[in-house]
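Enquirer: One file is attached below, work-v1.txt, containing compact mmCIF, C-alpha atoms.
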```
# COMPACT_ATOMS: atom_id res chain seq x y z
CA THR A 1333 12.84 147.08 -150.67
CA SER A 1334 11.71 149.82 -148.31
CA ALA A 1335 9.09 152.44 -149.17
CA ASN A 1336 9.69 154.56 -146.04
CA TRP A 1337 5.92 154.91 -145.54
CA ASP A 1338 5.39 156.28 -149.04
CA PRO A 1339 2.51 154.41 -150.75
CA ASN A 1340 3.59 155.62 -154.20
CA LYS A 1341 7.07 154.18 -153.63
CA GLN A 1342 5.53 150.95 -152.39
CA ILE A 1343 3.37 150.51 -155.50
CA GLU A 1344 6.43 151.22 -157.67
CA ASP A 1345 8.39 148.58 -155.74
CA ILE A 1346 5.61 146.04 -156.34
CA LYS A 1347 5.60 146.85 -160.07
CA ILE A 1348 9.37 146.35 -160.34
CA LEU A 1349 9.29 143.10 -158.37
CA LEU A 1350 6.51 141.68 -160.55
CA GLU A 1351 8.54 142.54 -163.66
CA GLU A 1352 11.40 140.54 -162.12
CA GLU A 1353 9.01 137.54 -161.96
CA ILE A 1354 9.05 136.98 -158.22
CA ASP A 1355 7.34 133.83 -156.90
CA LEU A 1356 5.84 135.37 -153.76
CA LEU A 1357 5.24 138.86 -152.34
CA LEU A 1358 5.78 139.31 -148.59
CA ILE A 1359 4.79 142.86 -147.71
CA ASP A 1360 4.04 145.16 -144.79
CA PRO A 1361 1.58 147.30 -146.73
CA MET A 1362 0.22 150.78 -146.27
CA ASP A 1363 -3.56 150.87 -146.25
CA SER A 1364 -4.21 152.85 -149.42
CA THR A 1365 -6.07 152.34 -152.67
CA VAL A 1366 -2.75 152.70 -154.49
CA VAL A 1367 -1.18 149.74 -152.69
CA ALA A 1368 -4.40 147.73 -152.97
CA ALA A 1369 -4.15 148.00 -156.75
CA GLY A 1370 -0.63 146.56 -156.60
CA LEU A 1371 -1.75 143.59 -154.52
CA ASP A 1372 -4.57 142.99 -157.00
CA LYS A 1373 -2.04 142.84 -159.83
CA ALA A 1374 0.19 140.44 -157.92
CA MET A 1375 -2.62 138.00 -157.14
CA ASP A 1376 -3.97 138.27 -160.70
CA ALA A 1377 -0.49 137.35 -161.96
CA GLY A 1378 -0.50 134.22 -159.81
CA VAL A 1379 1.94 135.64 -157.24
CA PRO A 1380 0.72 134.76 -153.72
CA VAL A 1381 0.67 137.70 -151.30
CA ILE A 1382 1.43 137.46 -147.60
CA LEU A 1383 0.66 140.52 -145.50
CA ALA A 1384 2.89 141.14 -142.49
CA SER A 1385 1.31 143.22 -139.74
CA SER A 1386 -0.86 145.69 -141.65
CA GLN A 1387 -3.84 145.09 -143.86
CA VAL A 1388 -5.23 146.77 -146.96
CA ARG A 1389 -8.97 147.20 -147.27
CA ASP A 1390 -10.56 145.26 -150.16
CA ALA A 1391 -7.22 143.81 -151.31
CA PRO A 1392 -6.76 140.06 -151.89
CA TYR A 1393 -4.08 138.00 -150.16
CA VAL A 1394 -3.27 134.40 -149.31
CA SER A 1395 -2.41 134.89 -145.64
CA ARG A 1396 -1.96 137.70 -143.13
CA VAL A 1397 0.13 137.63 -139.96
CA ALA A 1398 -0.84 140.34 -137.49
CA MET A 1399 -1.36 141.23 -133.87
CA ASN A 1400 -4.80 142.10 -132.52
CA GLU A 1401 -4.47 145.89 -132.66
CA GLU A 1402 -7.89 146.60 -131.18
CA GLU A 1403 -7.02 144.43 -128.20
CA ARG A 1404 -3.66 146.19 -127.84
CA GLY A 1405 -5.36 149.58 -127.82
CA GLU A 1406 -7.83 148.45 -125.19
CA LEU A 1407 -5.00 147.12 -123.01
CA CYS A 1408 -3.18 150.45 -123.23
CA ALA A 1409 -6.26 152.40 -122.17
CA ASP A 1410 -7.07 149.93 -119.40
CA TRP A 1411 -3.57 150.21 -117.91
CA LEU A 1412 -3.74 154.00 -117.94
CA CYS A 1413 -7.21 154.06 -116.38
CA ARG A 1414 -5.90 151.89 -113.58
CA SER A 1415 -2.81 154.10 -113.19
CA ILE A 1416 -4.60 157.44 -112.76
CA SER A 1417 -7.76 158.35 -110.85
CA GLY A 1418 -9.02 160.44 -113.77
CA GLY A 1419 -8.25 163.66 -115.55
CA TYR A 1420 -7.10 164.85 -118.93
CA VAL A 1421 -5.56 162.18 -121.19
CA ALA A 1422 -3.70 162.77 -124.44
CA VAL A 1423 -4.02 159.99 -127.03
CA ILE A 1424 -1.29 160.24 -129.69
CA ALA A 1425 -2.18 157.92 -132.56
CA SER A 1426 -0.05 157.22 -135.62
CA VAL A 1427 -1.50 158.20 -138.97
CA PRO A 1428 -3.59 155.47 -140.66
CA ALA A 1429 -0.78 154.63 -143.09
CA SER A 1430 1.33 153.40 -140.17
CA GLY A 1431 -0.11 150.02 -139.26
CA ASP A 1432 -3.67 149.28 -138.17
CA SER A 1433 -3.98 152.51 -136.19
CA GLN A 1434 -7.74 152.74 -136.68
CA ALA A 1435 -8.31 149.37 -134.98
CA TRP A 1436 -5.89 150.37 -132.21
CA LEU A 1437 -7.70 153.67 -131.68
CA ARG A 1438 -11.07 151.92 -131.62
CA GLY A 1439 -9.84 149.74 -128.75
CA VAL A 1440 -8.53 152.79 -126.87
CA ARG A 1441 -11.80 154.67 -127.25
CA GLN A 1442 -13.94 151.72 -126.18
CA ARG A 1443 -12.07 151.39 -122.89
CA LEU A 1444 -11.89 155.14 -122.21
CA ALA A 1445 -15.64 155.46 -122.83
CA ALA A 1446 -16.22 153.30 -119.75
CA GLN A 1447 -14.15 155.65 -117.58
CA SER A 1448 -16.30 158.72 -116.93
CA GLN A 1449 -13.57 160.44 -114.87
CA VAL A 1450 -11.28 160.58 -117.90
CA GLN A 1451 -11.46 163.28 -120.54
CA ALA A 1452 -9.48 162.24 -123.60
CA VAL A 1453 -8.33 164.20 -126.62
CA VAL A 1454 -6.95 162.44 -129.70
CA ARG A 1455 -4.18 163.81 -131.88
CA HIS A 1456 -3.02 162.05 -135.05
CA CYS A 1457 0.69 162.10 -135.71
CA PRO A 1458 3.08 160.81 -138.40
CA TRP A 1459 5.47 158.07 -137.29
CA SER A 1460 7.94 160.68 -136.02
CA SER A 1461 9.38 161.60 -132.62
CA PRO A 1462 9.87 165.28 -133.59
CA GLU A 1463 6.23 165.54 -134.70
CA ALA A 1464 4.97 163.94 -131.49
CA ARG A 1465 7.21 166.31 -129.55
CA ARG A 1466 5.74 169.30 -131.38
CA ILE A 1467 2.13 168.17 -130.91
CA VAL A 1468 2.47 167.49 -127.19
CA SER A 1469 4.44 170.70 -126.63
CA SER A 1470 1.49 172.56 -128.13
CA MET A 1471 -0.93 170.68 -125.87
CA LEU A 1472 1.17 171.51 -122.81
CA GLY A 1473 0.82 175.16 -123.74
CA GLU A 1474 -2.93 174.92 -123.22
CA SER A 1475 -4.59 175.52 -119.87
CA LYS A 1476 -5.26 171.89 -118.88
CA PRO A 1477 -2.44 169.77 -117.41
CA ILE A 1478 -2.00 166.34 -118.98
CA ASP A 1479 -2.56 163.58 -116.43
CA GLY A 1480 -1.74 160.63 -118.68
CA VAL A 1481 -0.71 159.77 -122.23
CA ILE A 1482 -1.51 156.87 -124.54
CA VAL A 1483 0.71 156.38 -127.61
CA SER A 1484 0.50 153.83 -130.38
CA ASN A 1485 4.26 153.15 -130.44
CA GLY A 1486 7.58 153.99 -128.82
CA VAL A 1487 8.67 156.38 -131.58
CA LEU A 1488 5.78 158.67 -130.64
CA GLY A 1489 6.42 157.94 -126.97
CA ARG A 1490 9.97 159.29 -127.21
CA GLY A 1491 8.66 162.58 -128.62
CA VAL A 1492 6.09 162.77 -125.81
CA VAL A 1493 8.78 162.40 -123.14
CA GLN A 1494 10.95 165.01 -124.86
CA ALA A 1495 8.05 167.49 -124.85
CA PHE A 1496 7.55 167.14 -121.09
CA VAL A 1497 11.30 167.42 -120.43
CA ASP A 1498 11.57 170.51 -122.65
CA GLN A 1499 8.96 172.33 -120.56
CA GLY A 1500 10.14 171.06 -117.20
CA VAL A 1501 6.81 169.34 -116.53
CA GLU A 1502 6.59 166.08 -114.58
CA ILE A 1503 6.15 163.14 -116.96
CA PRO A 1504 2.79 161.41 -116.37
CA PRO A 1505 2.16 157.67 -116.84
CA ILE A 1506 2.52 156.68 -120.50
CA ALA A 1507 0.80 153.65 -122.01
CA GLY A 1508 1.73 152.16 -125.37
CA GLY A 1509 5.51 152.13 -125.49
CA ASP A 1510 7.26 149.15 -127.04
CA ASP A 1511 10.56 147.27 -127.11
CA TRP A 1512 12.29 149.68 -129.49
CA ASN A 1513 15.66 150.57 -127.98
CA GLY A 1514 15.17 154.30 -128.61
CA TRP A 1515 12.04 154.27 -126.45
CA LEU A 1516 13.63 152.07 -123.79
CA ARG A 1517 16.63 154.42 -123.65
CA ILE A 1518 14.62 157.57 -122.94
CA ALA A 1519 12.26 155.75 -120.57
CA LYS A 1520 15.26 154.57 -118.57
CA GLU A 1521 16.95 157.96 -118.61
CA HIS A 1522 13.89 159.80 -117.29
CA ARG A 1523 12.46 157.02 -115.09
CA VAL A 1524 9.17 156.95 -116.97
CA HIS A 1525 6.28 155.00 -115.47
CA PHE A 1526 5.00 153.19 -118.55
CA MET A 1527 3.31 150.18 -120.03
CA GLY A 1528 4.72 148.66 -123.22
CA LEU A 1529 3.84 145.99 -125.75
CA SER A 1530 6.28 144.16 -127.96
CA GLY A 1531 6.49 145.22 -131.58
CA GLY A 1532 6.78 142.96 -134.59
CA ALA A 1533 10.53 142.39 -134.80
CA ASN A 1534 10.08 138.68 -134.07
CA MET A 1535 7.26 138.38 -136.60
CA GLY A 1536 9.58 138.26 -139.60
CA LEU A 1537 10.82 134.70 -139.05
CA HIS A 1538 7.24 133.44 -138.74
CA CYS A 1539 6.32 135.19 -142.00
CA VAL A 1540 9.22 133.56 -143.81
CA ASP A 1541 8.20 130.14 -142.48
CA LEU A 1542 4.68 130.82 -143.76
CA ALA A 1543 6.02 131.91 -147.15
CA THR A 1544 8.04 128.69 -147.40
CA LYS A 1545 4.90 126.65 -146.81
CA VAL A 1546 3.00 128.57 -149.49
CA LEU A 1547 5.78 128.01 -152.03
CA SER A 1548 5.81 124.32 -151.11
CA GLY A 1549 2.10 124.05 -151.81
CA GLU A 1550 1.10 123.50 -148.19
CA PRO A 1551 -2.23 124.92 -147.01
CA VAL A 1552 -1.95 127.94 -144.70
CA PRO A 1553 -4.57 129.83 -142.65
CA HIS A 1554 -5.95 133.03 -144.14
CA HIS A 1555 -5.27 134.89 -140.89
CA VAL A 1556 -2.64 134.22 -138.23
CA GLU A 1557 -2.90 136.15 -134.96
CA PHE A 1558 0.59 136.78 -133.65
CA PRO A 1559 1.22 136.85 -129.88
CA TYR A 1560 2.90 139.74 -128.10
CA GLU A 1561 4.41 140.52 -124.72
CA VAL A 1562 3.12 143.15 -122.27
CA PHE A 1563 5.60 144.73 -119.84
CA ASP A 1564 6.36 147.88 -117.83
CA GLU A 1565 9.42 149.80 -116.61
CA ARG A 1566 10.40 146.88 -114.38
CA ALA A 1567 11.48 145.06 -117.54
CA LEU A 1568 13.99 147.75 -118.58
CA ASP A 1569 16.98 145.94 -117.06
CA ARG A 1570 16.06 142.88 -119.12
CA LEU A 1571 15.16 144.59 -122.40
CA TYR A 1572 17.18 147.80 -122.71
CA ARG A 1573 20.61 147.54 -124.32
CA PRO A 1574 22.64 150.76 -123.77
CA ASP A 1575 25.45 149.29 -125.86
CA LEU A 1576 23.24 148.97 -128.95
CA SER A 1577 21.82 151.58 -131.32
CA ASP A 1578 18.25 152.82 -131.45
CA HIS A 1579 17.65 150.57 -134.48
CA TYR A 1580 17.57 147.55 -132.17
CA TRP A 1581 14.31 145.91 -131.02
CA ALA A 1582 14.68 143.91 -127.83
CA ILE A 1583 12.20 141.09 -128.46
CA ASN A 1584 13.50 139.30 -131.54
CA ASP A 1585 14.69 135.99 -132.93
CA LEU A 1586 18.04 137.17 -134.29
CA PRO A 1587 21.27 135.26 -133.58
CA LYS A 1588 23.55 137.00 -131.08
CA ALA A 1589 26.25 137.40 -133.72
CA TRP A 1590 23.84 139.32 -135.97
CA ILE A 1591 22.86 141.63 -133.12
CA GLU A 1592 26.49 142.44 -132.35
CA ARG A 1593 27.27 143.07 -136.01
CA MET A 1594 24.21 145.12 -136.89
CA PHE A 1595 23.48 147.18 -133.76
CA LYS A 1596 26.68 147.55 -131.70
CA LEU A 1597 27.52 151.20 -131.01
```
When written as structure tokens, how does the structure in this file appear?
Expert:
Amino acid sequence: TSANWDPNKQIEDIKILLEEEIDLLLIDPMDSTVVAAGLDKAMDAGVPVILASSQVRDAPYVSRVAMNEEERGELCADWLCRSISGGYVAVIASVPASGDSQAWLRGVRQRLAAQSQVQAVVRHCPWSSPEARRIVSSMLGESKPIDGVIVSNGVLGRGVVQAFVDQGVEIPPIAGGDDWNGWLRIAKEHRVHFMGLSGGANMGLHCVDLATKVLSGEPVPHHVEFPYEVFDERALDRLYRPDLSDHYWAINDLPKAWIERMFKL
């Protein structure tokens, strides 16, 4: 099931699945009290919960697989600080319902605080390229030029690039892209100088392996930190697939036949 970032839909999905007597709940949850109540019900019913990527405050679970978002945020800010001598930096963060954005933003702020030559302004944005485009277009209409941008994902990054292109302004260094083909496409097209981190497309197989162990009665760790890859525009020739749709994520564990069937344009 997919809730499309709607916590009310996600809690309804959990309710339906529990009524169908599932044996395990593998979920990428939105951090809300609504979803937390659903996870409580699942664990109370004896259904083990595995969280993929995101977490829910004060909600029980058996195991969680996630990347270190605070570390990722700090890496993004560090790359940008080393890429520019200083100036005005726009930080475009996804809304809290979209992954562990608060931890990511904490890492960004900690690194930027050590760079006195940088003045940063944070804007929160839904997981939407058009919204990021609108927000950055508004910022470009202000008096200060933007010397660098930090985004929490490639979807927002695409909107950022579009905003600069719309106004005919040179695209500054952008930190925080990912291996989403839509981001890689626009970065290639406009020769963006960027730093990216792999998303979670290859996390799914690990989560299923973990779920299999839980159902088999094997002990599993309460928290599993998942590794990720850091790259820049020099990796575009390796990662970007112009023959595949924007739904494709470059760093994955899918069989080649699946990729051709699911993402071929």
Enquirer: With only C-alpha atoms as the counted atoms, please give the residues lying no more than 9 Å from A:Leu1571, apart from itself and same-chain residues fewer than 2 positions off, as a list of chain:residue names.
Expert: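 Within the cut-off, the hits are A:Asp1511, A:Asn1513, A:Leu1516, A:Ala1567, A:Leu1568, A:Asp1569, A:Arg1573, A:Trp1581, A:Ala1582, A:Ile1583.
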Enquirer: Of the candidates A:Ala1445, A:Met1594, A:Leu1472, A:Val1487, which one gets nearest to A:Glu1502 if we count all atoms listed in the file?
Expert: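 Ranking A:Ala1445, A:Met1594, A:Leu1472, A:Val1487 by distance to A:Glu1502, first place goes to A:Leu1472.
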Enquirer: Listed atoms of stretch 1522-1539 of chain A, axis-aligned box, 8 Å per side: centre and edge lengths to one decimal in Å, as lines of an AutoDock Vina configuration file?
Expert:
```
center_x = 8.6
center_y = 146.6
center_z = -128.5
size_x = 26.6
size_y = 42.4
size_z = 42.9
```
Enquirer: Would you mind listing what lies within 10 Å of A:His1555 as number ranges by chain, with all atoms listed in the file counted and same-chain residues fewer than 5 positions away left out?
Expert: A: 1382-1383, 1393-1398
Enquirer: Please list as a PDB file with C-alpha atoms, keeping the file's coordinate frame every residue within 12 Å of stretch 1370-1381 of chain A, counting all atoms listed in the file and excluding residues in the same chain fewer than 6 positions away.
Expert:
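New file around-v1.pdb:
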```
ATOM      1  CA  PRO A1339       2.510 154.410-150.750  1.00  0.00           C
ATOM      2  CA  ASN A1340       3.590 155.620-154.200  1.00  0.00           C
ATOM      3  CA  LYS A1341       7.070 154.180-153.630  1.00  0.00           C
ATOM      4  CA  GLN A1342       5.530 150.950-152.390  1.00  0.00           C
ATOM      5  CA  ILE A1343       3.370 150.510-155.500  1.00  0.00           C
ATOM      6  CA  GLU A1344       6.430 151.220-157.670  1.00  0.00           C
ATOM      7  CA  ASP A1345       8.390 148.580-155.740  1.00  0.00           C
ATOM      8  CA  ILE A1346       5.610 146.040-156.340  1.00  0.00           C
ATOM      9  CA  LYS A1347       5.600 146.850-160.070  1.00  0.00           C
ATOM     10  CA  ILE A1348       9.370 146.350-160.340  1.00  0.00           C
ATOM     11  CA  LEU A1349       9.290 143.100-158.370  1.00  0.00           C
ATOM     12  CA  LEU A1350       6.510 141.680-160.550  1.00  0.00           C
ATOM     13  CA  GLU A1351       8.540 142.540-163.660  1.00  0.00           C
ATOM     14  CA  GLU A1352      11.400 140.540-162.120  1.00  0.00           C
ATOM     15  CA  GLU A1353       9.010 137.540-161.960  1.00  0.00           C
ATOM     16  CA  ILE A1354       9.050 136.980-158.220  1.00  0.00           C
ATOM     17  CA  ASP A1355       7.340 133.830-156.900  1.00  0.00           C
ATOM     18  CA  LEU A1356       5.840 135.370-153.760  1.00  0.00           C
ATOM     19  CA  LEU A1357       5.240 138.860-152.340  1.00  0.00           C
ATOM     20  CA  LEU A1358       5.780 139.310-148.590  1.00  0.00           C
ATOM     21  CA  ILE A1359       4.790 142.860-147.710  1.00  0.00           C
ATOM     22  CA  ASP A1360       4.040 145.160-144.790  1.00  0.00           C
ATOM     23  CA  PRO A1361       1.580 147.300-146.730  1.00  0.00           C
ATOM     24  CA  MET A1362       0.220 150.780-146.270  1.00  0.00           C
ATOM     25  CA  ASP A1363      -3.560 150.870-146.250  1.00  0.00           C
ATOM     26  CA  SER A1364      -4.210 152.850-149.420  1.00  0.00           C
ATOM     27  CA  GLN A1387      -3.840 145.090-143.860  1.00  0.00           C
ATOM     28  CA  VAL A1388      -5.230 146.770-146.960  1.00  0.00           C
ATOM     29  CA  ARG A1389      -8.970 147.200-147.270  1.00  0.00           C
ATOM     30  CA  ASP A1390     -10.560 145.260-150.160  1.00  0.00           C
ATOM     31  CA  ALA A1391      -7.220 143.810-151.310  1.00  0.00           C
ATOM     32  CA  PRO A1392      -6.760 140.060-151.890  1.00  0.00           C
ATOM     33  CA  TYR A1393      -4.080 138.000-150.160  1.00  0.00           C
ATOM     34  CA  VAL A1394      -3.270 134.400-149.310  1.00  0.00           C
ATOM     35  CA  SER A1395      -2.410 134.890-145.640  1.00  0.00           C
ATOM     36  CA  ARG A1396      -1.960 137.700-143.130  1.00  0.00           C
ATOM     37  CA  VAL A1397       0.130 137.630-139.960  1.00  0.00           C
ATOM     38  CA  CYS A1539       6.320 135.190-142.000  1.00  0.00           C
ATOM     39  CA  LEU A1542       4.680 130.820-143.760  1.00  0.00           C
ATOM     40  CA  ALA A1543       6.020 131.910-147.150  1.00  0.00           C
ATOM     41  CA  THR A1544       8.040 128.690-147.400  1.00  0.00           C
ATOM     42  CA  LYS A1545       4.900 126.650-146.810  1.00  0.00           C
ATOM     43  CA  VAL A1546       3.000 128.570-149.490  1.00  0.00           C
ATOM     44  CA  LEU A1547       5.780 128.010-152.030  1.00  0.00           C
ATOM     45  CA  SER A1548       5.810 124.320-151.110  1.00  0.00           C
ATOM     46  CA  GLY A1549       2.100 124.050-151.810  1.00  0.00           C
ATOM     47  CA  VAL A1552      -1.950 127.940-144.700  1.00  0.00           C
ATOM     48  CA  HIS A1554      -5.950 133.030-144.140  1.00  0.00           C
TER      49      HIS A1554
END
```
Enquirer: Using only C-alpha atoms for the distances, tell me which of A:Gly1508, A:Gly1531, A:Pro1458, A:Gly1491 is nearest to A:Ala1409.
Expert: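 Comparing A:Gly1508, A:Gly1531, A:Pro1458, A:Gly1491 against A:Ala1409, the winner is A:Gly1508.
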Enquirer: Write out as a Markdown table a residue-level contact list of stretch 1519-1552 of chain A versus stretch 1403-1408 of chain A with cut-off 9 Å: for each qualifying residue the closest pair of atoms and the distance in Å to one decimal, counting all atoms listed in the file, rows sorted by chain and residue number upward.
Expert:
```
| residue | atom | partner | partner_atom | distance |
| --- | --- | --- | --- | --- |
| A:Met1527 | CA | A:Cys1408 | CA | 7.2 |
| A:Gly1528 | CA | A:Cys1408 | CA | 8.1 |
| A:Leu1529 | CA | A:Arg1404 | CA | 7.8 |
```
Enquirer: So how far away is atom CA of A:Glu1565 from atom CA of A:Arg1465, in Å?
Expert: 21.1 Å
Enquirer: Using only C-alpha atoms, collect all residues at a distance of at most 9 Å from (13.3, 133.7, -133.6) as written in the file, then present them as a ChimeraX atom specification.
Expert: /A:1534-1538,1584-1587
Enquirer: Which polymer residues, protein or nucleic acid, are no farther than 7 Å from (-10.3, 157.3, -126.5), counting only C-alpha atoms, as a PyMOL selection string?
Expert: chain A and resi 1423+1437+1440-1442+1444-1445+1452+1454
Enquirer: Quick one: residues within 8 Å of A:Ala1495, only C-alpha atoms, excluding same-chain residues fewer than 3 positions away - as a short mmCIF file (atom, residue, chain, number, x, y, z; two decimals) with C-alpha atoms, in the coordinates of the input?
Expert:
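Output saved as around13.cif:
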```cif
data_model
loop_
_atom_site.label_atom_id
_atom_site.label_comp_id
_atom_site.auth_asym_id
_atom_site.auth_seq_id
_atom_site.Cartn_x
_atom_site.Cartn_y
_atom_site.Cartn_z
CA ARG A 1465 7.21 166.31 -129.55
CA ARG A 1466 5.74 169.30 -131.38
CA VAL A 1468 2.47 167.49 -127.19
CA SER A 1469 4.44 170.70 -126.63
CA GLY A 1491 8.66 162.58 -128.62
CA VAL A 1492 6.09 162.77 -125.81
CA ASP A 1498 11.57 170.51 -122.65
CA GLN A 1499 8.96 172.33 -120.56
#
```
Enquirer: Can you pull out the residues contacting A:Glu1401? Cut-off 7 Å, using all atoms listed in the file, and skip same-chain residues under 6 positions away; I want them as a list in words.
Expert: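 Once the nearby chain positions are removed, what remains is Asp1432, Ala1435 and Trp1436 of chain A.
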Enquirer: How many Å separate atom CA of A:Ser1577 from atom CA of A:Gly1514?
Expert: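 Here the two named atoms are 7.7 Å from each other.
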Enquirer: Rounded to one decimal, what separation in Å do you get between atom CA of A:Ser1426 and atom CA of A:Ser1386?
Expert: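 Interatomic distance, atom CA of A:Ser1426 to atom CA of A:Ser1386: 13.0 Å.
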